[in-house]
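Visitor: Structure provided below as structure tokens; questions to follow.
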Amino acid sequence: MSISVKHISKSYDDLKAVDDISFEVKEGELFGLIGPDGAGKTTLFRILTTLLIPDEGIATVASLDVLKDYKHIRHSVGYMPGRFSLYQDLTVEENLNFFAAIFGTSIEENYDLIKDIYVQIEPFKKRRAGKLSGGMKQKLALCCALIHKPKVLFLDEPTTGVDPVSRKEFWEMLKRLQQKGITILVSTPYMDEAALCDRIALIQDGKILKIDKPQEIVKTFPKTLYNVGADNMYQLIKSLKNYKYQYSVYPFGEFVHYTDNRSNFNPEDLKHYLESEKLTNIVIETTNPTIEDIFMELAK
């Protein structure tokens, strides 16, 4: 296994940020840690990259113990933290050369690994990093994390605050890196990105809720899910939450995702109720559950 985590826990005073977490990541796998802010993702990443010491449990990265072999791990992994942490007063080229020098290598030596990414920022190589756009900062940070040819790549919420086009490009880059044999552990609060991973772990309040392939996880949704729509979204949500048979009610784009407590649910019953609530243009149709629906169900 490329990453092995067994019963890892970490607390800050009375707050348990990571609570008895265990999972494994295979070599060459693109594994996603999916959960909202405050779920424990960053704390776990800092433990696995030897920046924090766990209170309990053991973990290995590239067959190296995070406590005993921390120096070796730091030369074997690439880490891209959630916040842009490169030197903003240095140019793109100077940042890359600096990180290459730290690891005793050069841009030229590992250029084949970063080429697809670097060609997109090369026209701005003389620009200071602090003057780059969000998407360009992201690409520069990824290049710096890869410049020493790591065995394992840790990416902590790499697409937060980045425009949709740059997000799509970034995940395409990750797929290409995976083809080169690099194990990738990525965290994200965006549920739609879960489907782009080989396997995912859903995390909330420092605990793992479920681990599996994305397509297998969505199959576990326990009820029939409905898209419900009407002209007045605010009133629709309020009325559905007051409906005595409702099991779950969550806004989802232009619709509300609704499940019912009854095993013999008839959509016409719900429609009549909503009409009595003075709602118009009512739509009730079945829909397929998403990772977000599964997460909301597990986190109840």
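Letters A, B, ... mark the chains of the structure tokens in the order given; residue numbers begin at 1 per chain; ligand numbers begin at 1, in order shown.
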Which polymer residues have any atom within 12 Å of an atom of Tyr70 of chain A, counting only C-alpha atoms, with same-chain residues fewer than 3 positions away left out, as JSON, numbers by chain?
Guide: {"A": [46, 47, 48, 49, 50, 51, 52, 53, 59, 60, 61, 62, 63, 64, 65, 66, 67, 73, 74, 75, 76, 77]}
Visitor: Please dump the current selection as a compact mmCIF listing (two decimals), in the first residue's frame; keep C-alpha atoms.
Guide:
```txt
# COMPACT_ATOMS: atom_id res chain seq x y z
CA ARG A 46 -0.47 17.43 8.00
CA ILE A 47 -0.04 14.19 9.93
CA LEU A 48 0.67 12.21 6.76
CA THR A 49 3.19 14.80 5.53
CA THR A 50 4.93 14.76 8.97
CA LEU A 51 3.96 18.32 9.93
CA LEU A 52 1.86 17.14 12.89
CA ILE A 53 2.29 14.28 15.34
CA ALA A 59 0.51 5.70 9.55
CA THR A 60 2.90 4.92 6.73
CA VAL A 61 3.52 6.75 3.46
CA ALA A 62 5.48 4.99 0.69
CA SER A 63 6.22 2.23 3.26
CA LEU A 64 7.79 4.82 5.61
CA ASP A 65 6.56 5.48 9.14
CA VAL A 66 5.37 9.07 9.60
CA LEU A 67 7.14 9.32 12.98
CA ILE A 73 9.02 10.99 3.80
CA ARG A 74 9.65 14.69 3.21
CA HIS A 75 11.86 13.78 0.26
CA SER A 76 9.42 11.18 -1.06
CA VAL A 77 6.18 13.19 -1.16
```
Visitor: So that I can see what lies close to Ile117 of chain A, please list as a VMD selection string the residues with an atom at most 9 Å from it, counting only C-alpha atoms and leaving out residues fewer than 2 positions away in the same chain.
Guide: chain A and resid 113 to 115 119 to 122 139 to 140 142 to 143 173
Visitor: Which segment 32-142 of chain A residues have any atom within 8 Å of an atom of segment 187-197 of chain A, and for each, what is the nearest pair of atoms with distance in Å to one decimal, counting only C-alpha atoms, rows sorted by chain and number, as a Markdown table?
Guide:
```
| residue | atom | partner | partner_atom | distance |
| --- | --- | --- | --- | --- |
| A:Gly32 | CA | A:Ser187 | CA | 5.6 |
| A:Leu33 | CA | A:Ser187 | CA | 4.5 |
| A:Ile34 | CA | A:Thr188 | CA | 5.3 |
| A:Gly35 | CA | A:Pro189 | CA | 5.0 |
| A:Pro36 | CA | A:Pro189 | CA | 4.8 |
| A:Asp37 | CA | A:Pro189 | CA | 6.8 |
| A:Lys41 | CA | A:Ser187 | CA | 6.6 |
```
Visitor: Let me make sure I understand: among A:Leu274, A:Ile208, A:Ala299, A:Val92, which one has the smallest atom-to-atom distance to Gln138 of chain A if we use only C-alpha atoms?
Guide: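 Of A:Leu274, A:Ile208, A:Ala299, A:Val92, the one nearest Gln138 of chain A, counting only C-alpha atoms, is A:Val92.
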Visitor: Please identify all polymer residues within 6 Å of Phe31 of chain A, counting only C-alpha atoms, omitting same-chain residues fewer than 4 positions from it, and present them as a PyMOL selection string.
Guide: chain A and resi 185+197-200
Visitor: Find the spatial neighbours of Leu240 of chain A, counting only C-alpha atoms, within a cut-off of 10 Å - ignore same-chain residues fewer than 5 positions away - and output them as a compact mmCIF listing (two decimals) with N, CA and C atoms, in the first residue's frame.
Guide:
```txt
# COMPACT_ATOMS: atom_id res chain seq x y z
N VAL A 228 -38.17 18.01 -6.62
CA VAL A 228 -39.42 18.73 -6.44
C VAL A 228 -39.17 20.20 -6.75
N GLN A 235 -40.79 29.21 -0.29
CA GLN A 235 -42.02 28.64 0.26
C GLN A 235 -42.06 27.13 0.07
N TYR A 245 -44.84 13.80 6.44
CA TYR A 245 -44.27 12.55 5.95
C TYR A 245 -42.85 12.70 5.40
N GLN A 246 -42.31 13.92 5.45
CA GLN A 246 -40.98 14.13 4.87
C GLN A 246 -39.90 13.40 5.67
N TYR A 247 -38.94 12.82 4.95
CA TYR A 247 -37.78 12.18 5.57
C TYR A 247 -36.55 13.07 5.45
N SER A 248 -36.36 13.65 4.24
CA SER A 248 -35.25 14.60 4.04
C SER A 248 -35.64 15.62 2.99
N VAL A 249 -35.16 16.85 3.19
CA VAL A 249 -35.44 17.97 2.29
C VAL A 249 -34.17 18.79 2.15
N TYR A 250 -33.58 18.81 0.93
CA TYR A 250 -32.36 19.57 0.70
C TYR A 250 -32.45 20.34 -0.61
N VAL A 256 -35.59 20.86 -5.23
CA VAL A 256 -35.36 20.39 -3.86
C VAL A 256 -35.31 18.87 -3.93
N TYR A 258 -36.00 15.49 -2.34
CA TYR A 258 -36.97 15.09 -1.31
C TYR A 258 -37.06 13.58 -1.22
N LEU A 270 -48.34 14.35 -2.32
CA LEU A 270 -47.47 15.49 -2.06
C LEU A 270 -47.89 16.70 -2.90
N TYR A 273 -50.82 18.39 -1.39
CA TYR A 273 -50.41 19.14 -0.19
C TYR A 273 -49.77 20.47 -0.59
N LEU A 274 -48.89 20.43 -1.58
CA LEU A 274 -48.20 21.66 -2.00
C LEU A 274 -49.18 22.65 -2.63
N GLU A 277 -50.78 24.57 -0.13
CA GLU A 277 -49.87 25.57 0.41
C GLU A 277 -49.72 26.77 -0.54
```
Visitor: Taking a cut-off of 9 Å and counting only C-alpha atoms, can you build a table that, for each residue of segment 24-56 of chain A near segment 1-6 of chain A, reports the nearest atom pair and how far apart they are in Å (one decimal), sorted by chain then residue number, as CSV?
Guide:
```
residue,atom,partner,partner_atom,distance
A:Glu24,CA,A:Ser4,CA,4.6
A:Val25,CA,A:Ile3,CA,4.9
A:Lys26,CA,A:Met1,CA,4.8
A:Glu27,CA,A:Ser2,CA,4.8
A:Gly28,CA,A:Ser2,CA,7.9
A:Glu29,CA,A:Ser2,CA,8.6
A:Leu48,CA,A:Ile3,CA,8.6
```
Visitor: Write to file, as a tab-separated table (two decimals), in the first residue's frame, the residues of the selection just made, with C-alpha atoms.
Guide:
```tsv
chain	number	residue	atom	x	y	z
A	24	GLU	CA	-5.50	2.57	2.77
A	25	VAL	CA	-4.50	3.98	-0.61
A	26	LYS	CA	-3.09	1.67	-3.25
A	27	GLU	CA	-0.03	2.51	-5.34
A	28	GLY	CA	-0.97	4.61	-8.36
A	29	GLU	CA	-4.46	5.30	-7.03
A	48	LEU	CA	0.67	12.21	6.76
```
Visitor: I need the residues of segment 80-285 of chain A that end up classed as helix (DSSP H, G or I) by DSSP on the backbone, written out as number ranges by chain.
Guide: A: 92-102, 111-124, 129-131, 134-146, 164-179, 191-196, 214-220, 233-242, 267-276
Visitor: From the options A:Lys137, A:Leu30, A:Pro222, A:Thr91, which residue's atoms come nearest to Gln178 of chain A, counting only C-alpha atoms?
Guide: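 Of A:Lys137, A:Leu30, A:Pro222, A:Thr91, the one nearest Gln178 of chain A is A:Leu30, counting only C-alpha atoms.
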Visitor: Could you check the closest approach to Phe84 of chain A for each of A:Glu157, A:Glu56, A:Glu285, A:Asp116 and tell me which residue wins, using only C-alpha atoms?
Guide: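 Ranked by minimum distance to Phe84 of chain A, first place goes to A:Glu157.
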Visitor: How many Å lie between atom CA of Thr42 of chain A and atom CA of Val18 of chain A, rounded to one decimal?
Guide: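 Separation of atom CA of Thr42 of chain A and atom CA of Val18 of chain A: 9.7 Å.
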Visitor: Hey, what's within 6 Å of Lys10 of chain A if we count only C-alpha atoms and toss same-chain stuff fewer than 6 positions away? As a list of chain:residue names, please?
Guide: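 After dropping sequence-adjacent residues, the list is A:Ala17, A:Val18, A:Pro54, A:Asp55.
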Visitor: Taking only segment 231-293 of chain A into account, list the residues labelled strand (DSSP E or B) by DSSP (computed from the backbone), as a ChimeraX atom specification.
Guide: /A:246-252,255-260,283-287
Visitor: Would you output that residue set with N, CA and C atoms, as a CSV table (one decimal), in the first residue's frame?
Guide:
```csv
chain,number,residue,atom,x,y,z
A,246,GLN,N,-42.3,13.9,5.5
A,246,GLN,CA,-41.0,14.1,4.9
A,246,GLN,C,-39.9,13.4,5.7
A,247,TYR,N,-38.9,12.8,5.0
A,247,TYR,CA,-37.8,12.2,5.6
A,247,TYR,C,-36.5,13.1,5.4
A,248,SER,N,-36.4,13.7,4.2
A,248,SER,CA,-35.2,14.6,4.0
A,248,SER,C,-35.6,15.6,3.0
A,249,VAL,N,-35.2,16.9,3.2
A,249,VAL,CA,-35.4,18.0,2.3
A,249,VAL,C,-34.2,18.8,2.2
A,250,TYR,N,-33.6,18.8,0.9
A,250,TYR,CA,-32.4,19.6,0.7
A,250,TYR,C,-32.5,20.3,-0.6
A,251,PRO,N,-32.2,21.6,-0.6
A,251,PRO,CA,-32.1,22.4,-1.9
A,251,PRO,C,-31.0,21.8,-2.8
A,252,PHE,N,-31.3,21.7,-4.0
A,252,PHE,CA,-30.3,21.1,-5.0
A,252,PHE,C,-30.5,21.8,-6.3
A,255,PHE,N,-34.0,22.6,-8.0
A,255,PHE,CA,-35.0,21.7,-7.4
A,255,PHE,C,-34.7,21.6,-5.9
A,256,VAL,N,-35.6,20.9,-5.2
A,256,VAL,CA,-35.4,20.4,-3.9
A,256,VAL,C,-35.3,18.9,-3.9
A,257,HIS,N,-34.3,18.3,-3.3
A,257,HIS,CA,-34.2,16.8,-3.2
A,257,HIS,C,-35.0,16.4,-2.0
A,258,TYR,N,-36.0,15.5,-2.3
A,258,TYR,CA,-37.0,15.1,-1.3
A,258,TYR,C,-37.1,13.6,-1.2
A,259,THR,N,-37.1,13.1,0.0
A,259,THR,CA,-37.4,11.7,0.3
A,259,THR,C,-38.6,11.6,1.3
A,260,ASP,N,-39.4,10.5,1.2
A,260,ASP,CA,-40.6,10.4,2.0
A,260,ASP,C,-40.4,9.2,3.0
A,283,VAL,N,-43.5,20.5,-9.8
A,283,VAL,CA,-42.9,19.4,-10.5
A,283,VAL,C,-42.4,18.4,-9.5
A,284,ILE,N,-42.8,17.1,-9.7
A,284,ILE,CA,-42.3,16.0,-8.8
A,284,ILE,C,-41.9,14.9,-9.7
A,285,GLU,N,-40.6,14.6,-9.7
A,285,GLU,CA,-40.0,13.5,-10.6
A,285,GLU,C,-38.9,12.8,-9.9
A,286,THR,N,-38.8,11.5,-10.2
A,286,THR,CA,-37.7,10.7,-9.6
A,286,THR,C,-36.3,11.2,-10.2
A,287,THR,N,-35.3,11.1,-9.4
A,287,THR,CA,-33.9,11.4,-9.9
A,287,THR,C,-32.9,10.5,-9.3
```
Visitor: Give me the residues near Gly130 of chain A as a PDB file with C-alpha atoms, in the first residue's frame, where near means some atom within 9 Å (using only C-alpha atoms) and where sequence neighbours in that chain fewer than 5 positions away do not count.
Guide:
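Here's the written file selection34.pdb:
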```pdb
ATOM      1  CA  LEU A  86       4.882  29.921  -2.383  1.00  0.00           C
ATOM      2  CA  TYR A  87       7.089  33.012  -2.270  1.00  0.00           C
ATOM      3  CA  GLN A  88       4.921  35.758  -3.719  1.00  0.00           C
ATOM      4  CA  ASP A  89       7.848  38.144  -4.303  1.00  0.00           C
ATOM      5  CA  LEU A  90       9.708  35.563  -6.389  1.00  0.00           C
ATOM      6  CA  THR A  91       8.898  34.996 -10.042  1.00  0.00           C
ATOM      7  CA  LYS A 137      -1.022  30.044  -8.875  1.00  0.00           C
TER       8      LYS A 137
END
```
Visitor: How far is it from atom CA of His72 of chain A to atom CA of Ile184 of chain A, in Å with one decimal?
Guide: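 Between atom CA of His72 of chain A and atom CA of Ile184 of chain A the gap works out to 18.0 Å.
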Visitor: Taking a cut-off of 12 Å and counting only C-alpha atoms, can you build a table that, for each residue of segment 130-210 of chain A near segment 97-112 of chain A, reports the nearest atom pair and how far apart they are in Å (one decimal), sorted by chain then residue number, as JSON lines?
Guide:
```
{"residue": "A:Leu140", "atom": "CA", "partner": "A:Phe99", "partner_atom": "CA", "distance": 11.2}
{"residue": "A:Ala141", "atom": "CA", "partner": "A:Phe99", "partner_atom": "CA", "distance": 10.3}
{"residue": "A:Leu142", "atom": "CA", "partner": "A:Phe99", "partner_atom": "CA", "distance": 11.5}
{"residue": "A:Cys143", "atom": "CA", "partner": "A:Ile107", "partner_atom": "CA", "distance": 9.6}
{"residue": "A:Cys144", "atom": "CA", "partner": "A:Phe99", "partner_atom": "CA", "distance": 6.2}
{"residue": "A:Ala145", "atom": "CA", "partner": "A:Phe99", "partner_atom": "CA", "distance": 8.3}
{"residue": "A:Leu146", "atom": "CA", "partner": "A:Asn110", "partner_atom": "CA", "distance": 8.5}
{"residue": "A:Ile147", "atom": "CA", "partner": "A:Ala100", "partner_atom": "CA", "distance": 5.9}
{"residue": "A:His148", "atom": "CA", "partner": "A:Phe103", "partner_atom": "CA", "distance": 6.1}
{"residue": "A:Lys149", "atom": "CA", "partner": "A:Asn110", "partner_atom": "CA", "distance": 6.8}
{"residue": "A:Pro150", "atom": "CA", "partner": "A:Phe103", "partner_atom": "CA", "distance": 10.5}
{"residue": "A:Arg176", "atom": "CA", "partner": "A:Asp112", "partner_atom": "CA", "distance": 11.8}
{"residue": "A:Leu177", "atom": "CA", "partner": "A:Asp112", "partner_atom": "CA", "distance": 10.8}
{"residue": "A:Lys180", "atom": "CA", "partner": "A:Asp112", "partner_atom": "CA", "distance": 10.3}
```
